[in-house]
$ cat entry_10.cif   # mmCIF, C-alpha atoms
data_coords
#
loop_
_atom_site.label_atom_id
_atom_site.label_comp_id
_atom_site.auth_asym_id
_atom_site.auth_seq_id
_atom_site.Cartn_x
_atom_site.Cartn_y
_atom_site.Cartn_z
CA MET T 1 0.00 0.00 0.00
CA LYS T 2 1.31 3.44 -0.90
CA ASN T 3 1.41 6.04 1.89
CA ASN T 4 0.50 9.28 0.15
CA LEU T 5 0.85 11.39 3.29
CA LYS T 6 4.50 10.45 3.76
CA GLN T 7 5.46 12.86 0.98
CA PHE T 8 4.36 15.75 3.23
CA ALA T 9 6.49 14.67 6.20
CA ASN T 10 8.39 17.63 7.61
CA ASN T 11 9.85 18.24 11.04
CA LYS T 12 9.78 21.63 12.66
CA PHE T 13 9.42 20.24 16.17
CA SER T 14 8.07 16.72 15.62
CA GLN T 15 10.17 13.57 15.37
CA PHE T 16 9.04 11.65 12.29
CA GLY T 17 7.58 14.31 10.00
CA GLU T 18 4.29 14.67 11.84
CA ASP T 19 4.37 18.50 11.58
CA GLY T 20 4.11 18.37 7.80
CA ILE T 21 1.63 15.50 7.69
CA ILE T 22 -0.67 17.15 10.25
CA LYS T 23 -0.49 20.42 8.31
CA LYS T 24 -1.49 18.66 5.09
CA ILE T 25 -4.40 16.85 6.75
CA PHE T 26 -5.82 20.10 8.14
CA ASP T 27 -5.21 21.89 4.82
CA VAL T 28 -7.54 19.33 3.22
CA LEU T 29 -10.23 19.27 5.94
CA PRO T 30 -12.88 22.04 5.98
CA LYS T 31 -11.66 25.26 7.57
CA GLN T 32 -12.97 26.34 10.96
CA GLU T 33 -12.70 29.33 13.24
CA GLU T 34 -11.13 27.50 16.16
CA TYR T 35 -8.93 24.42 16.46
CA TRP T 36 -8.15 22.30 19.52
CA CYS T 37 -5.47 19.71 20.19
CA VAL T 38 -4.49 17.46 23.09
CA GLU T 39 -1.05 16.00 23.62
CA PHE T 40 0.02 13.88 26.53
CA GLY T 41 3.51 12.82 27.18
CA ALA T 42 4.09 16.53 26.53
CA TRP T 43 7.57 16.69 28.14
CA ASP T 44 8.60 20.37 27.84
CA GLY T 45 5.91 21.06 25.24
CA LYS T 46 8.39 21.62 22.42
CA PHE T 47 10.97 18.83 22.09
CA LEU T 48 9.65 16.24 19.62
CA SER T 49 6.16 17.73 19.98
CA ASN T 50 3.35 17.13 17.51
CA THR T 51 1.39 20.14 18.79
CA TYR T 52 3.94 22.90 19.50
CA GLU T 53 3.82 24.30 15.96
CA LEU T 54 0.03 24.38 16.07
CA ILE T 55 -0.30 26.09 19.45
CA GLN T 56 2.63 28.50 19.24
CA ASN T 57 2.55 29.46 15.57
CA ASN T 58 -0.97 28.71 14.33
CA SER T 59 -3.18 29.92 17.20
CA TRP T 60 -4.61 26.51 18.10
CA LYS T 61 -5.91 25.95 21.60
CA GLY T 62 -4.24 23.03 23.28
CA ILE T 63 -4.25 20.84 26.32
CA LEU T 64 -0.78 19.57 27.20
CA ILE T 65 -0.60 16.84 29.79
CA GLU T 66 2.64 15.70 31.41
CA GLY T 67 2.79 13.08 34.12
CA ASN T 68 6.29 13.85 35.36
CA ALA T 69 6.19 16.73 37.87
CA LYS T 70 9.89 17.44 37.27
CA LYS T 71 9.12 18.35 33.63
CA ILE T 72 6.27 20.74 34.45
CA PRO T 73 8.50 23.81 35.06
CA ALA T 74 9.93 23.44 31.54
CA LEU T 75 6.42 23.01 30.11
CA LYS T 76 5.28 26.16 31.91
CA GLN T 77 8.33 28.04 30.63
CA THR T 78 7.60 27.00 27.03
CA TYR T 79 4.03 28.32 27.20
CA ARG T 80 4.51 31.18 29.67
CA ASP T 81 3.21 33.77 27.16
CA ASN T 82 0.54 31.67 25.45
CA SER T 83 -2.95 31.75 26.91
CA ASN T 84 -4.11 29.12 24.38
CA ALA T 85 -2.23 26.38 26.24
CA ILE T 86 -3.80 24.54 29.16
CA LEU T 87 -1.09 22.70 31.09
CA ILE T 88 -1.94 19.73 33.27
CA ASN T 89 0.33 17.63 35.48
CA LYS T 90 -1.33 14.22 35.61
CA LEU T 91 -0.41 10.72 34.58
CA VAL T 92 -3.02 9.62 32.03
CA SER T 93 -4.41 6.14 32.63
CA PHE T 94 -6.81 3.88 30.77
CA GLU T 95 -8.92 3.31 33.89
CA GLY T 96 -9.83 5.10 37.11
CA ILE T 97 -9.96 8.83 37.80
CA ASN T 98 -7.08 9.77 35.47
CA THR T 99 -8.57 8.63 32.17
CA LEU T 100 -8.19 11.13 29.38
CA ASP T 101 -11.98 11.65 29.38
CA ASN T 102 -11.90 12.59 33.08
CA ILE T 103 -8.89 14.86 32.77
CA ILE T 104 -10.08 16.95 29.84
CA LYS T 105 -13.75 17.17 30.83
CA GLU T 106 -12.79 20.03 33.17
CA THR T 107 -11.77 22.17 30.16
CA ALA T 108 -13.73 23.92 27.39
CA ILE T 109 -12.51 21.53 24.70
CA PRO T 110 -15.28 20.44 22.32
CA VAL T 111 -16.26 16.78 22.12
CA ASP T 112 -15.16 16.61 18.48
CA PHE T 113 -11.81 18.36 18.93
CA ASP T 114 -9.31 18.31 16.09
CA LEU T 115 -6.13 16.47 17.07
CA LEU T 116 -5.12 13.98 19.75
CA SER T 117 -1.44 13.09 20.08
CA ILE T 118 -0.59 10.13 22.32
CA ASP T 119 3.10 9.71 23.11
CA ILE T 120 3.76 7.84 26.33
CA ASP T 121 5.52 4.72 24.99
CA VAL T 122 3.41 2.31 27.06
CA ASN T 123 -0.31 1.59 27.08
CA ASP T 124 -0.88 4.01 24.19
CA TYR T 125 -3.44 1.70 22.59
CA HIS T 126 -5.26 1.02 25.87
CA ILE T 127 -5.59 4.72 26.58
CA TRP T 128 -6.88 5.38 23.06
CA GLU T 129 -9.35 2.52 23.48
CA SER T 130 -10.57 4.03 26.79
CA VAL T 131 -11.56 7.36 25.20
CA LYS T 132 -15.36 7.20 25.13
CA ASN T 133 -16.68 10.76 25.48
CA TYR T 134 -14.61 12.51 22.81
CA GLN T 135 -14.20 12.02 19.07
CA PRO T 136 -10.99 13.67 17.85
CA LYS T 137 -10.88 14.14 14.09
CA VAL T 138 -7.22 13.09 13.81
CA VAL T 139 -5.25 10.85 16.16
CA VAL T 140 -1.47 10.41 16.24
CA ILE T 141 -0.26 7.47 18.30
CA GLU T 142 3.49 7.01 18.53
CA PHE T 143 4.59 3.45 18.97
CA ASN T 144 7.91 2.19 20.24
CA PRO T 145 8.20 -1.56 19.56
CA SER T 146 11.23 -1.87 21.84
CA ILE T 147 9.15 -1.05 24.95
CA HIS T 148 6.86 -3.77 26.28
CA SER T 149 3.22 -2.70 26.62
CA GLU T 150 1.20 -3.84 29.61
#

$ encode --input "entry_10.cif" --output "structure tokens"
Amino acid sequence: MKNNLKQFANNKFSQFGEDGIIKKIFDVLPKQEEYWCVEFGAWDGKFLSNTYELIQNNSWKGILIEGNAKKIPALKQTYRDNSNAILINKLVSFEGINTLDNIIKETAIPVDFDLLSIDIDVNDYHIWESVKNYQPKVVVIEFNPSIHSE
């Protein structure tokens, strides 16, 4: 099967060309007034990010979730002057109180938000499968085959 989107791969801040592919996808989809994205495993919000370009340079609203409290100061520094970024320090789980549904329901994000980027290296699929109350238009799930999933 030919991957037609691969030709648009381009890294500004992403790792494997996601910046360019995401741009192309949203160039093709109908235009809207407001765009929303969610990324968890956000790290500092910039390094190898699939949403930094959108939030910082394209006026998207975004929810950035990072489970490691030691990385939160860097995340806050990255978005210190951007009111479109909602920063959350929680470890996303596929069950219990820290499901993605439970974490983002406290925000103004629409049910059919635009982009979900999952990058936590373990349980990515299980967390995606646990999303019941939201229908993102585009989902990016990074997969690392060298890390065992639970």

$ closest_residue --input "entry_10.cif" --among "T:Ile97, T:Gln77, T:Leu5, T:His126" --to "Phe26 in chain T" --atoms "all atoms listed in the file"
T:Leu5

$ closest_residue --input "entry_10.cif" --among "T:Asp119, T:Glu18, T:Glu106, T:Asp124" --to "Gly45 in chain T" --atoms "all atoms listed in the file"
T:Asp119

$ resolve_selection --input "entry_10.cif" --expression "the PyMOL selection byres ((chain T and resi 74) around 12)" --output "MDAnalysis selection string"
chainID T and resid 42:47 66 68:73 75:80 87 89

$ atom_distance --input "entry_10.cif" --atom1 "CA of Ile65 in chain T" --atom2 "CA of Asn123 in chain T"
15.5 Å

$ residues_around --input "entry_10.cif" --residues "Tyr134 in chain T" --least-positions-apart "3" --cutoff "12 Å" --atoms "only C-alpha atoms" --output "list in words"
Cys37, Val38, Thr99, Leu100, Asp101, Asn102, Ile103, Ile104, Lys105, Ile109, Pro110, Val111, Asp112, Phe113, Asp114, Leu115, Leu116, Trp128, Glu129, Ser130, Val131, Lys137, Val138 and Val139 of chain T

$ atom_distance --input "entry_10.cif" --atom1 "CA of Ile127 in chain T" --atom2 "CA of Ile22 in chain T"
21.1 Å

$ resolve_selection --input "entry_10.cif" --expression "the PyMOL selection byres ((chain T and resi 59-61) around 9)" --output "PyMOL selection string"
chain T and resi 34-38+51+53-58+62-63+83-86+109

$ atom_distance --input "entry_10.cif" --atom1 "CA of Leu48 in chain T" --atom2 "CA of Glu33 in chain T"
26.7 Å

$ decode --input "entry_10.cif" --residues "range 10-121 of chain T" --atoms "C-alpha atoms" --output "short mmCIF file (atom, residue, chain, number, x, y, z; two decimals), in the first residue's frame"
data_model
loop_
_atom_site.label_atom_id
_atom_site.label_comp_id
_atom_site.auth_asym_id
_atom_site.auth_seq_id
_atom_site.Cartn_x
_atom_site.Cartn_y
_atom_site.Cartn_z
CA ASN T 10 8.39 17.63 7.61
CA ASN T 11 9.85 18.24 11.04
CA LYS T 12 9.78 21.63 12.66
CA PHE T 13 9.42 20.24 16.17
CA SER T 14 8.07 16.72 15.62
CA GLN T 15 10.17 13.57 15.37
CA PHE T 16 9.04 11.65 12.29
CA GLY T 17 7.58 14.31 10.00
CA GLU T 18 4.29 14.67 11.84
CA ASP T 19 4.37 18.50 11.58
CA GLY T 20 4.11 18.37 7.80
CA ILE T 21 1.63 15.50 7.69
CA ILE T 22 -0.67 17.15 10.25
CA LYS T 23 -0.49 20.42 8.31
CA LYS T 24 -1.49 18.66 5.09
CA ILE T 25 -4.40 16.85 6.75
CA PHE T 26 -5.82 20.10 8.14
CA ASP T 27 -5.21 21.89 4.82
CA VAL T 28 -7.54 19.33 3.22
CA LEU T 29 -10.23 19.27 5.94
CA PRO T 30 -12.88 22.04 5.98
CA LYS T 31 -11.66 25.26 7.57
CA GLN T 32 -12.97 26.34 10.96
CA GLU T 33 -12.70 29.33 13.24
CA GLU T 34 -11.13 27.50 16.16
CA TYR T 35 -8.93 24.42 16.46
CA TRP T 36 -8.15 22.30 19.52
CA CYS T 37 -5.47 19.71 20.19
CA VAL T 38 -4.49 17.46 23.09
CA GLU T 39 -1.05 16.00 23.62
CA PHE T 40 0.02 13.88 26.53
CA GLY T 41 3.51 12.82 27.18
CA ALA T 42 4.09 16.53 26.53
CA TRP T 43 7.57 16.69 28.14
CA ASP T 44 8.60 20.37 27.84
CA GLY T 45 5.91 21.06 25.24
CA LYS T 46 8.39 21.62 22.42
CA PHE T 47 10.97 18.83 22.09
CA LEU T 48 9.65 16.24 19.62
CA SER T 49 6.16 17.73 19.98
CA ASN T 50 3.35 17.13 17.51
CA THR T 51 1.39 20.14 18.79
CA TYR T 52 3.94 22.90 19.50
CA GLU T 53 3.82 24.30 15.96
CA LEU T 54 0.03 24.38 16.07
CA ILE T 55 -0.30 26.09 19.45
CA GLN T 56 2.63 28.50 19.24
CA ASN T 57 2.55 29.46 15.57
CA ASN T 58 -0.97 28.71 14.33
CA SER T 59 -3.18 29.92 17.20
CA TRP T 60 -4.61 26.51 18.10
CA LYS T 61 -5.91 25.95 21.60
CA GLY T 62 -4.24 23.03 23.28
CA ILE T 63 -4.25 20.84 26.32
CA LEU T 64 -0.78 19.57 27.20
CA ILE T 65 -0.60 16.84 29.79
CA GLU T 66 2.64 15.70 31.41
CA GLY T 67 2.79 13.08 34.12
CA ASN T 68 6.29 13.85 35.36
CA ALA T 69 6.19 16.73 37.87
CA LYS T 70 9.89 17.44 37.27
CA LYS T 71 9.12 18.35 33.63
CA ILE T 72 6.27 20.74 34.45
CA PRO T 73 8.50 23.81 35.06
CA ALA T 74 9.93 23.44 31.54
CA LEU T 75 6.42 23.01 30.11
CA LYS T 76 5.28 26.16 31.91
CA GLN T 77 8.33 28.04 30.63
CA THR T 78 7.60 27.00 27.03
CA TYR T 79 4.03 28.32 27.20
CA ARG T 80 4.51 31.18 29.67
CA ASP T 81 3.21 33.77 27.16
CA ASN T 82 0.54 31.67 25.45
CA SER T 83 -2.95 31.75 26.91
CA ASN T 84 -4.11 29.12 24.38
CA ALA T 85 -2.23 26.38 26.24
CA ILE T 86 -3.80 24.54 29.16
CA LEU T 87 -1.09 22.70 31.09
CA ILE T 88 -1.94 19.73 33.27
CA ASN T 89 0.33 17.63 35.48
CA LYS T 90 -1.33 14.22 35.61
CA LEU T 91 -0.41 10.72 34.58
CA VAL T 92 -3.02 9.62 32.03
CA SER T 93 -4.41 6.14 32.63
CA PHE T 94 -6.81 3.88 30.77
CA GLU T 95 -8.92 3.31 33.89
CA GLY T 96 -9.83 5.10 37.11
CA ILE T 97 -9.96 8.83 37.80
CA ASN T 98 -7.08 9.77 35.47
CA THR T 99 -8.57 8.63 32.17
CA LEU T 100 -8.19 11.13 29.38
CA ASP T 101 -11.98 11.65 29.38
CA ASN T 102 -11.90 12.59 33.08
CA ILE T 103 -8.89 14.86 32.77
CA ILE T 104 -10.08 16.95 29.84
CA LYS T 105 -13.75 17.17 30.83
CA GLU T 106 -12.79 20.03 33.17
CA THR T 107 -11.77 22.17 30.16
CA ALA T 108 -13.73 23.92 27.39
CA ILE T 109 -12.51 21.53 24.70
CA PRO T 110 -15.28 20.44 22.32
CA VAL T 111 -16.26 16.78 22.12
CA ASP T 112 -15.16 16.61 18.48
CA PHE T 113 -11.81 18.36 18.93
CA ASP T 114 -9.31 18.31 16.09
CA LEU T 115 -6.13 16.47 17.07
CA LEU T 116 -5.12 13.98 19.75
CA SER T 117 -1.44 13.09 20.08
CA ILE T 118 -0.59 10.13 22.32
CA ASP T 119 3.10 9.71 23.11
CA ILE T 120 3.76 7.84 26.33
CA ASP T 121 5.52 4.72 24.99
#
